Amino acid sequence: MRILSLIKKEMLHLIRDKALVFILFWAFTGAVYTSGSGFTMEVKNFPTIIFDMSKSKESRELISRFQKPYFKIISFVENDRELIEWLDSGKASMAIVIPPDFVRKIDKMEGKIQIIIDGTMSLSATVAVAYVTEIIYDYGLEILERKMGVTGKFLENLPIIEQKTRIEFNPNVLSSWFMSMLEYFNMITMVSLLVTAAQMVREKEYGTIEQLLVTPVRNWEIFISKIIPTLVAIAIFSPITLFGIIKGIFGVPLRGNIFFFYAVMLFYAFTISSLGLAISTVAKNLAQAMMLMLVILIPMLFLSGAWTPPESMHPLMQYLSLISPMRYFIDFGYSVLFKGNGITYVWHDILGIILIGLVLFAFSSYQFKRSFSK
Amino acid sequence: MLKRLQGILKKEFRELLRDPLYLTFALIVPVIIIILMGYGLILDVKNIAVSFIDYDRSQLSREYRYAFTNSEYFRFYKLIDSYSEAEELIQSGVCRIVVVIPAGFSKNLYEGKKTDVQVLIDGSFPMRAEVMKGYTAAINNQFNEKLLKSLAWKAGFSKTNLLLGVETRAWYNPALESKNFILPGEVVTTLMFYSVLLASLIVVREKESGSIFNLYCSPVKPWEIVFGKAIPYIVITFVTYLIFFVLTVGLFKTKFTGSFVVLTLATVIYLACTVGVGVLISIIAKSQITAMLIAFLATVIPSFIYSGYFSPVTSMSEIGQFISKTIPATYFMIIVRGIYLKGFGLESFLSDLLALCIYGVMVYGIAILAFRKRIK
């Protein structure tokens with residue numbers, strides 16, 4: 001029952017710090033909400049300018065196809081200088097240039113449209129170009145069909161392949177679905193790492209760790225009591241995030257088994273907390289601990305597979321990412337909550353999370369014993 | 001007056017030098033981060049496993065499949081027989097995309113009829129799904145054009161182009177490589193969270209240890225304390241910037257077309273802002289843990305997603321655009337990309353530089369006002 005009073009002590013530490021509780025609450029509500037609603041990778045309102053040298057019925061018809069929500073035509077320019085200015089200043093990200101002899105070229109069936117795109121953001125540029133190409137291609141096809149209809153020389157119905165695309169799990173490709181969940185996963189990771197490590201390091205900085213050591217408590221009991229309050233905080237806030245924000249506001253269909261997710265999520269928080277403990281046994285003060293956490297956290301957050309497609313990663317990086325618990329958790333989280341998968345698809349992720357957690361916990365205990373037995 | 005500031009500066013520098021382990025951390029950590037992210041963070045969607053259900057199994061359907069697998073974007077995974085298998089592959093994440101070619105695919109086309117092809121895409125990562133959709137559409141268009149051309153030939157047309165052509169040119173980054181936008185962006189974001197974090201503990205630490213009382217009862221003014229605390233960290237982060245510059249241009253061979261002097265000038269202003277934010281957090285927070293948490297939450301993720309690093313600020317919702325205006329990285333991002341990739345001079349981003357200056361004045365103003373030499 002020693003451990004219970006230890007846990008009580010740690011819980012009090014956490015609850016008494018009002019500011020800390022408020023920040024944790026914000027992390028699981030406000031931060032998730034703003035990420036989901038504020039940030040988008042969709043090409044939306046893409047700032048576009050048009051240089052229409054043809055000024056014909058056809059060119060106007062084509063221009064009318066570039067519409068919201070994808071594109072926002074912010075200006076019609078009249079010369080090269082203006083065009084360069086818009087792109088250089090970064091106010092426009094794309095320019096569509098219609099040549100002066102557009103109509104004549106269409107008649108001769110060799111019309112060509114030029115797209116100039118700001119390549120400094122290559123990903124949205126790629127998507128925007130794909131949209132534009134699609135629009136121009138469709139328009140071209142329509143003209144062709146119209147012509148053929150009139151002359152009737154060609155085949156009535158053009159033999160073309162039409163793609164019917166279905167995006168599974170997220171049919172409207174909403175990035176709010178993805179971002180809100182990602183932010184929630186990020187927050188679980190950050191909170192478990194930072195709070196656990198900081199609580200432990202504080203004990204060291206204040207010297208109160210010595211007091212704990214002279215009591216009959218065991219090392220693992222100290223550790224568990226440091227981890228539990230963080231887990232409790234996450235467990236209490238998570239339903240608000242999951243049902244209030246992710247499902248309630250953004251309407252993400254949580255397809256998977258929530259209890260299953262919960263169990264693994266808490267174990268993941270344990271694994272990350274153990275990582276925090278391992279850091280706290282090495283660092284002397286919070287400033288040092290912070291640097292160590294930073295160097296581990298940043299690559300973990302951004303190389304987890306959520307931003308970088310694992311397929312595109314350098315092979316060396318792919319191997320390196322195997323030691324990151326977050327990589328498994330991201331895979332697990334989206335797979336279970338989003339795709340509604342059961343254990344058959346994610347057992348290897350769970351195994352990874354558990355193994356890394358146990359290794360880290362054992363390492364911290366060993367390191368702790370070593371540094372204090374002197 | 002300046003003498004007191006000098007005194008504080010001397011003390012702060014000495015404190016830094018006294019903990020060589022920390023100083024080493026402070027210089028090495030950002031370097032490790034930028035190297036890992038430089039090699040690791042790739043947004044190019046490439047090498048995606050694709051499977052096919054081919055109910056047609058004809059010469060033409062095979063050509064259609066090759067059109068996919070011959071590109072660098074897709075990698076052939078498997079030829080499967082049924083939808084349930086396709087669902088299974090996408091569900092498990094083994095395959096991100098499955099193309100279904102219907103029976104009668106080639107027959108329809110040869111008879112001059114339209115035909116449908118179904119494409120299933122895993123949407124768990126929407127941006128990737130969007131890019132894949134774009135790729136498949138482009139491949140499909142090309143195939144159609146080839147098809148139409150060959151049929152037009154038979155019908156006696158001899159035109160080279162049947163459809164409207166599109167000629168794309170990407171300025172500033174012709175090959176649309178993500179490397180060229182990742183690394184300058186990485187400089188901006190890393191400098192932001194790292195300098196805020198470094199500075200976020202410097203005042204609150206003294207509050208916890210009680211040594212702040214030495215400052216309280218000394219004659220130093222709040223502004224002297226704020227600047228005395230900030231300047232040493234601006235110096236450290238500036239050294240980091242120099243290392244970053246050498247790494248991005250030297251090691252990663254990022255395109256650099258602008259002026260180093262202008263970049264350095266802008267960086268100094270930027271770092272003054274970010275360190276100021278850290279000092280402000282440190283003054284407001286009551287404990288080191290809260291200071292650290294605020295600093296982490298307010299900088300790490302926001303500097304990546306709201307600064308215009310991954311997607312243009314104009315695409316964001318109003319909340320997003322508002323947040324992006326409150327972080328210095330947004331302004332600096334425009335400057336850094338302008339200098340690295342577009343080769344601009346000072347005159348093209350004076351407004352952003354001005355915004356940073358105003359930002360800095362505000363941050364330091366609030367910090368000085370918030371620092372009270374009294375015990376509550």
# chains A, B, ... in the order shown; residues from 1 in each chain; ligands from 1
>>> select_by_dssp(residues="segment 38-178 of chain A", states="strand (DSSP E)", output="JSON, numbers by chain")
{"A": [46, 47, 48, 49, 50, 51, 52, 71, 72, 73, 74, 75, 76, 94, 95, 96, 97, 98, 112, 113, 114, 115, 116, 117, 118, 161, 162, 163, 164, 165, 166, 167, 168]}
>>> residues_around(residues="Arg128 of chain B", least_positions_apart="4", cutoff="10 Å", atoms="only C-alpha atoms", output="list in words")
Met41, Leu123, Val127, Val173, Ala306, Trp307, Thr308 and Pro309 of chain A; Leu43, Asp44, Val45, Lys46, Arg96, Ile121, Asp122, Gly123, Ser124, Met132, Lys133 and Gly134 of chain B
>>> interface_residues(of="chain A", to="chain B", cutoff="6 Å", atoms="only C-alpha atoms", output="ChimeraX atom specification")
/A:20,38-41,44-45,109-120,122,127,130,140,157-170,173,175,288,295,308,312,345
>>> residues_around(residues="Leu355 of chain A", least_positions_apart="6", cutoff="10 Å", atoms="only C-alpha atoms", output="PyMOL selection string")
chain A and resi 271+325+349+361
>>> decode(residues="segment 208-220 of chain B", atoms="all heavy atoms", output="short mmCIF file (atom, residue, chain, number, x, y, z; two decimals), in the first residue's frame")
data_model
loop_
_atom_site.label_atom_id
_atom_site.label_comp_id
_atom_site.auth_asym_id
_atom_site.auth_seq_id
_atom_site.Cartn_x
_atom_site.Cartn_y
_atom_site.Cartn_z
N GLU B 208 12.45 29.60 -9.00
CA GLU B 208 12.34 28.36 -8.22
C GLU B 208 13.47 28.23 -7.22
O GLU B 208 13.27 27.79 -6.10
CB GLU B 208 12.30 27.14 -9.16
CG GLU B 208 10.90 26.83 -9.61
CD GLU B 208 10.76 25.45 -10.24
OE1 GLU B 208 11.69 24.62 -10.14
OE2 GLU B 208 9.71 25.22 -10.84
N SER B 209 14.67 28.60 -7.64
CA SER B 209 15.80 28.41 -6.73
C SER B 209 15.89 29.56 -5.72
O SER B 209 16.62 29.47 -4.74
CB SER B 209 17.10 28.31 -7.52
OG SER B 209 17.39 29.56 -8.09
N GLY B 210 15.14 30.62 -5.97
CA GLY B 210 15.13 31.71 -5.00
C GLY B 210 16.18 32.77 -5.27
O GLY B 210 16.17 33.83 -4.64
N SER B 211 17.07 32.53 -6.22
CA SER B 211 18.13 33.51 -6.48
C SER B 211 17.58 34.77 -7.13
O SER B 211 18.28 35.77 -7.26
CB SER B 211 19.23 32.90 -7.34
OG SER B 211 18.71 32.50 -8.57
N ILE B 212 16.31 34.73 -7.54
CA ILE B 212 15.70 35.92 -8.15
C ILE B 212 15.64 37.07 -7.14
O ILE B 212 15.64 38.23 -7.51
CB ILE B 212 14.27 35.57 -8.66
CG1 ILE B 212 13.74 36.66 -9.61
CG2 ILE B 212 13.28 35.40 -7.54
CD1 ILE B 212 14.01 36.42 -11.03
N PHE B 213 15.64 36.70 -5.83
CA PHE B 213 15.57 37.76 -4.81
C PHE B 213 16.80 38.65 -4.83
O PHE B 213 16.72 39.83 -4.51
CB PHE B 213 15.37 37.14 -3.42
CG PHE B 213 14.01 36.54 -3.27
CD1 PHE B 213 13.82 35.17 -3.31
CD2 PHE B 213 12.89 37.35 -3.11
CE1 PHE B 213 12.57 34.62 -3.20
CE2 PHE B 213 11.63 36.81 -2.99
CZ PHE B 213 11.46 35.44 -3.04
N ASN B 214 17.93 38.06 -5.26
CA ASN B 214 19.12 38.89 -5.39
C ASN B 214 18.88 40.01 -6.38
O ASN B 214 19.34 41.13 -6.21
CB ASN B 214 20.31 38.05 -5.89
CG ASN B 214 20.66 36.97 -4.90
OD1 ASN B 214 20.35 37.08 -3.72
ND2 ASN B 214 21.29 35.91 -5.38
N LEU B 215 18.12 39.67 -7.45
CA LEU B 215 17.82 40.67 -8.47
C LEU B 215 16.79 41.67 -7.95
O LEU B 215 16.88 42.86 -8.21
CB LEU B 215 17.30 40.01 -9.74
CG LEU B 215 18.32 39.30 -10.63
CD1 LEU B 215 17.63 38.59 -11.76
CD2 LEU B 215 19.33 40.30 -11.16
N TYR B 216 15.81 41.12 -7.22
CA TYR B 216 14.75 41.99 -6.70
C TYR B 216 15.31 43.10 -5.83
O TYR B 216 14.87 44.24 -5.91
CB TYR B 216 13.75 41.17 -5.85
CG TYR B 216 12.79 40.33 -6.66
CD1 TYR B 216 12.03 39.34 -6.05
CD2 TYR B 216 12.63 40.53 -8.03
CE1 TYR B 216 11.14 38.57 -6.76
CE2 TYR B 216 11.75 39.75 -8.76
CZ TYR B 216 11.01 38.77 -8.12
OH TYR B 216 10.15 38.00 -8.83
N CYS B 217 16.27 42.76 -4.98
CA CYS B 217 16.73 43.79 -4.05
C CYS B 217 17.92 44.58 -4.58
O CYS B 217 18.45 45.44 -3.90
CB CYS B 217 17.02 43.20 -2.67
SG CYS B 217 18.12 41.82 -2.69
N SER B 218 18.35 44.26 -5.81
CA SER B 218 19.42 45.06 -6.40
C SER B 218 18.78 46.24 -7.14
O SER B 218 17.58 46.26 -7.40
CB SER B 218 20.23 44.21 -7.38
OG SER B 218 19.46 43.99 -8.52
N PRO B 219 19.57 47.26 -7.49
CA PRO B 219 18.96 48.43 -8.14
C PRO B 219 18.68 48.24 -9.63
O PRO B 219 18.28 49.19 -10.28
CB PRO B 219 20.01 49.52 -7.91
CG PRO B 219 21.30 48.80 -7.81
CD PRO B 219 21.00 47.46 -7.20
N VAL B 220 18.87 47.03 -10.18
CA VAL B 220 18.68 46.89 -11.63
C VAL B 220 17.22 47.10 -12.01
O VAL B 220 16.31 46.76 -11.27
CB VAL B 220 19.13 45.51 -12.16
CG1 VAL B 220 20.63 45.38 -12.14
CG2 VAL B 220 18.46 44.39 -11.40
#
